[in-house]
Amino acid sequence: MLVSAKEMLVKAKQGKYAVGQFNINNLEWTKAILQTAQELKSPVILGVSEGAGKYMCGYTTVVGMVKGMINELGITVPVALHLDHGSYEAAKKCIEAGFSSVMFDGSHYSIEENIEKTKELVELTDKLGLSLEAEVGAIGGEEDGVIGGGEVADPNECKMIADLGVSMLAAGIGNIHGKYPENWGGLNFDVLDDIQKLTGDMPLVLHGGTGIPADMIKRAISLGVSKINVNTECQLSFTAATRKYFEEGKDLQGKGFDPRKVLAPGVEAIKATVKEKMELFGSIGKA
Ligand code: 13P
């Protein structure tokens, strides 16, 4: 059964661990993540970006696939199906399609407009028992001229959005999507601490989980991060394993051209990455 992410994140915040959001791209991705979560008895959040939703033939297709898999694979751990970085319109579409959780990313709007739209979605998701993630805009980065530094949110704006009653809050603390540049300055723990102090029990979300050193992840969790998003790292491990398959000429041996064989090493690589992250985040055995 699909569940809202709210309860699993409240538990994670209390228990000082984080639940991983792993973005999905297709059937293989979804199956690999669900099977790993089940094997390790970990709650899990499946992230779907608008682009990935489109690629997978729309949100209703995604809901059908995920629900079908939970049923057919006998998945009993809590699974949330979550829209990642959604527009206001996409959030509404996903709610209609049967997602159990949505992110409305209003960080590019003015704080007033972000508040207004987030508030509407809080009402809608509350009524339906779904979880809602909001994101708060950037203030930093521009003045110190640090190249490759991520956004840094204003803790007071974080409090304004948290007070609307969202289930979880994404706030930039120098994190960025994709690989981190060589000269990355690391996470801004002072700002994270300020945000946590102002927002209290609110589960905080760390985006850009790929490539953040383990000690920083642990420290972020100790300062209130309860959800960590990982996307690129699964793509990198999938592609490296697939590349190896072809480089070793496996596709030319026997029935090595069978797509189920071609994709198998990549699937195993995703599983290994998800396992490594769940160990680091501390979510194993918490289902
Ligand atoms: P990465 O691709 O850097 O892991 O970030 C994922 C993410 O934050 C999705 O919202």
# chains A, B, ... in the order shown; residues from 1 in each chain; ligands from 1
$ select_by_dssp --residues "range 190-245 of chain A" --states "alpha helix (DSSP H)" --output "count of residues only"
33
$ residues_near_ligand --ligand "ligand 1" --cutoff "10 Å" --atoms "only C-alpha atoms and all ligand atoms" --output "VMD selection string"
chain A and resid 21 to 23 47 to 49 83 to 86 103 170 175 to 180 205 to 212 228 to 236
$ closest_residue --among "A:Ile111, A:Val63, A:Ala32, A:Met216" --to "Asp154 in chain A" --atoms "only C-alpha atoms"
A:Ile111
$ residues_around --residues "range 114-125 of chain A" --least-positions-apart "5" --cutoff "8 Å" --atoms "only C-alpha atoms" --output "list of chain:residue names"
A:Tyr88, A:Ile95, A:Phe104, A:Gly106, A:Ser107, A:Tyr109, A:Leu130, A:Ser131, A:Leu132, A:Ala134, A:Met160, A:Ile161, A:Leu164, A:Gly165, A:Val166
$ write_last_selection --atoms "C-alpha atoms" --output "PDB file, in the first residue's frame"
ATOM      1  CA  TYR A  88       1.501  23.856  -8.702  1.00  0.00           C
ATOM      2  CA  ILE A  95      -2.884  14.194  -6.404  1.00  0.00           C
ATOM      3  CA  PHE A 104       5.424  21.888  -4.537  1.00  0.00           C
ATOM      4  CA  GLY A 106       7.570  27.438  -5.143  1.00  0.00           C
ATOM      5  CA  SER A 107      11.104  28.559  -4.373  1.00  0.00           C
ATOM      6  CA  TYR A 109       8.253  32.645  -6.639  1.00  0.00           C
ATOM      7  CA  LEU A 130      -1.383  13.094   1.662  1.00  0.00           C
ATOM      8  CA  SER A 131       1.985  14.605   2.521  1.00  0.00           C
ATOM      9  CA  LEU A 132       3.297  17.854   1.109  1.00  0.00           C
ATOM     10  CA  ALA A 134       7.564  22.719   0.284  1.00  0.00           C
ATOM     11  CA  MET A 160       6.852  31.076   7.580  1.00  0.00           C
ATOM     12  CA  ILE A 161       6.402  28.119   5.238  1.00  0.00           C
ATOM     13  CA  LEU A 164       1.564  26.680   7.085  1.00  0.00           C
ATOM     14  CA  GLY A 165       1.461  23.030   8.145  1.00  0.00           C
ATOM     15  CA  VAL A 166       3.481  21.334   5.406  1.00  0.00           C
TER      16      VAL A 166
END
$ atom_distance --atom1 "CA of Val77 in chain A" --atom2 "CA of Thr36 in chain A"
10.4 Å
$ closest_residue --among "A:Gly98, A:Gly64, A:Gly185, A:Gly74" --to "Leu34 in chain A" --atoms "only C-alpha atoms"
A:Gly74
$ residues_around --residues "Ile45 in chain A" --least-positions-apart "6" --cutoff "10 Å" --atoms "only C-alpha atoms" --output "list in words"
Leu2, Val3, Ser4, Ala5, Met8, Val19, Gly20, Gln21, Phe22, Asn23, Ile24, Ile33, Leu34, Ala37, Pro78, Val79, Ala80, Leu81, His82, Leu83, Ser100, Ser101, Lys227, Ile228 and Asn229 of chain A
$ write_last_selection --atoms "C-alpha atoms" --output "PDB file, in the first residue's frame"
ATOM      1  CA  LEU A   2       1.139   3.504  -0.726  1.00  0.00           C
ATOM      2  CA  VAL A   3       1.346   5.733   2.313  1.00  0.00           C
ATOM      3  CA  SER A   4       1.847   9.407   2.954  1.00  0.00           C
ATOM      4  CA  ALA A   5       5.425  10.305   3.844  1.00  0.00           C
ATOM      5  CA  MET A   8       7.620   7.852   8.339  1.00  0.00           C
ATOM      6  CA  VAL A  19      14.440   8.176   4.912  1.00  0.00           C
ATOM      7  CA  GLY A  20      15.869   8.111   1.401  1.00  0.00           C
ATOM      8  CA  GLN A  21      13.971   9.454  -1.571  1.00  0.00           C
ATOM      9  CA  PHE A  22      15.213   7.629  -4.617  1.00  0.00           C
ATOM     10  CA  ASN A  23      14.088   8.962  -7.976  1.00  0.00           C
ATOM     11  CA  ILE A  24      12.690   6.487 -10.470  1.00  0.00           C
ATOM     12  CA  ILE A  33      14.434   0.280  -5.073  1.00  0.00           C
ATOM     13  CA  LEU A  34      11.306  -1.471  -3.786  1.00  0.00           C
ATOM     14  CA  ALA A  37      13.695  -1.436   0.803  1.00  0.00           C
ATOM     15  CA  PRO A  78       5.951   1.878   3.955  1.00  0.00           C
ATOM     16  CA  VAL A  79       6.289   3.300   0.431  1.00  0.00           C
ATOM     17  CA  ALA A  80       5.460   6.881  -0.492  1.00  0.00           C
ATOM     18  CA  LEU A  81       5.071   7.861  -4.133  1.00  0.00           C
ATOM     19  CA  HIS A  82       6.204  11.455  -4.281  1.00  0.00           C
ATOM     20  CA  LEU A  83       6.283  14.161  -6.942  1.00  0.00           C
ATOM     21  CA  SER A 100       0.564   9.670  -1.859  1.00  0.00           C
ATOM     22  CA  SER A 101       2.874  12.661  -1.544  1.00  0.00           C
ATOM     23  CA  LYS A 227      14.605  12.963   4.230  1.00  0.00           C
ATOM     24  CA  ILE A 228      17.492  12.823   1.788  1.00  0.00           C
ATOM     25  CA  ASN A 229      17.006  12.819  -1.972  1.00  0.00           C
TER      26      ASN A 229
END
$ residues_around --residues "Ala272 in chain A" --least-positions-apart "4" --cutoff "9 Å" --atoms "only C-alpha atoms" --output "NGL selection string"
:A and (36 or 237 or 267-268 or 276-277)
$ write_last_selection --atoms "N, CA and C atoms" --output "compact mmCIF listing (two decimals), in the first residue's frame"
# COMPACT_ATOMS: atom_id res chain seq x y z
N THR A 36 14.95 -3.58 -2.60
CA THR A 36 15.99 -3.29 -1.61
C THR A 36 15.36 -2.81 -0.30
N SER A 237 25.69 4.73 -11.11
CA SER A 237 26.05 3.32 -10.88
C SER A 237 25.37 2.42 -11.92
N VAL A 267 20.64 -2.99 -12.72
CA VAL A 267 19.66 -3.14 -11.63
C VAL A 267 20.39 -3.49 -10.34
N GLU A 268 21.33 -4.43 -10.44
CA GLU A 268 22.10 -4.81 -9.23
C GLU A 268 22.89 -3.61 -8.70
N GLU A 276 23.62 1.07 0.21
CA GLU A 276 24.68 1.90 0.82
C GLU A 276 24.07 3.17 1.45
N LYS A 277 23.13 3.78 0.73
CA LYS A 277 22.52 5.01 1.24
C LYS A 277 21.64 4.73 2.45
$ select_by_dssp --residues "range 4-182 of chain A" --states "strand (DSSP E or B)" --output "PyMOL selection string"
chain A and resi 19-23+44-49+79-86+101-104+131-136+138+152-153+168-171+173
$ atom_distance --atom1 "CA of Pro213 in chain A" --atom2 "CA of Leu192 in chain A"
16.4 Å
$ closest_residue --among "A:Met1, A:Ala162, A:Met56, A:Ala171" --to "Glu28 in chain A" --atoms "only C-alpha atoms"
A:Met56
$ atom_distance --atom1 "CA of Gly15 in chain A" --atom2 "CA of Gln35 in chain A"
23.5 Å
$ closest_residue --among "A:Asn71, A:Leu187, A:Arg260, A:Lys6" --to "Asp126 in chain A" --atoms "only C-alpha atoms"
A:Lys6
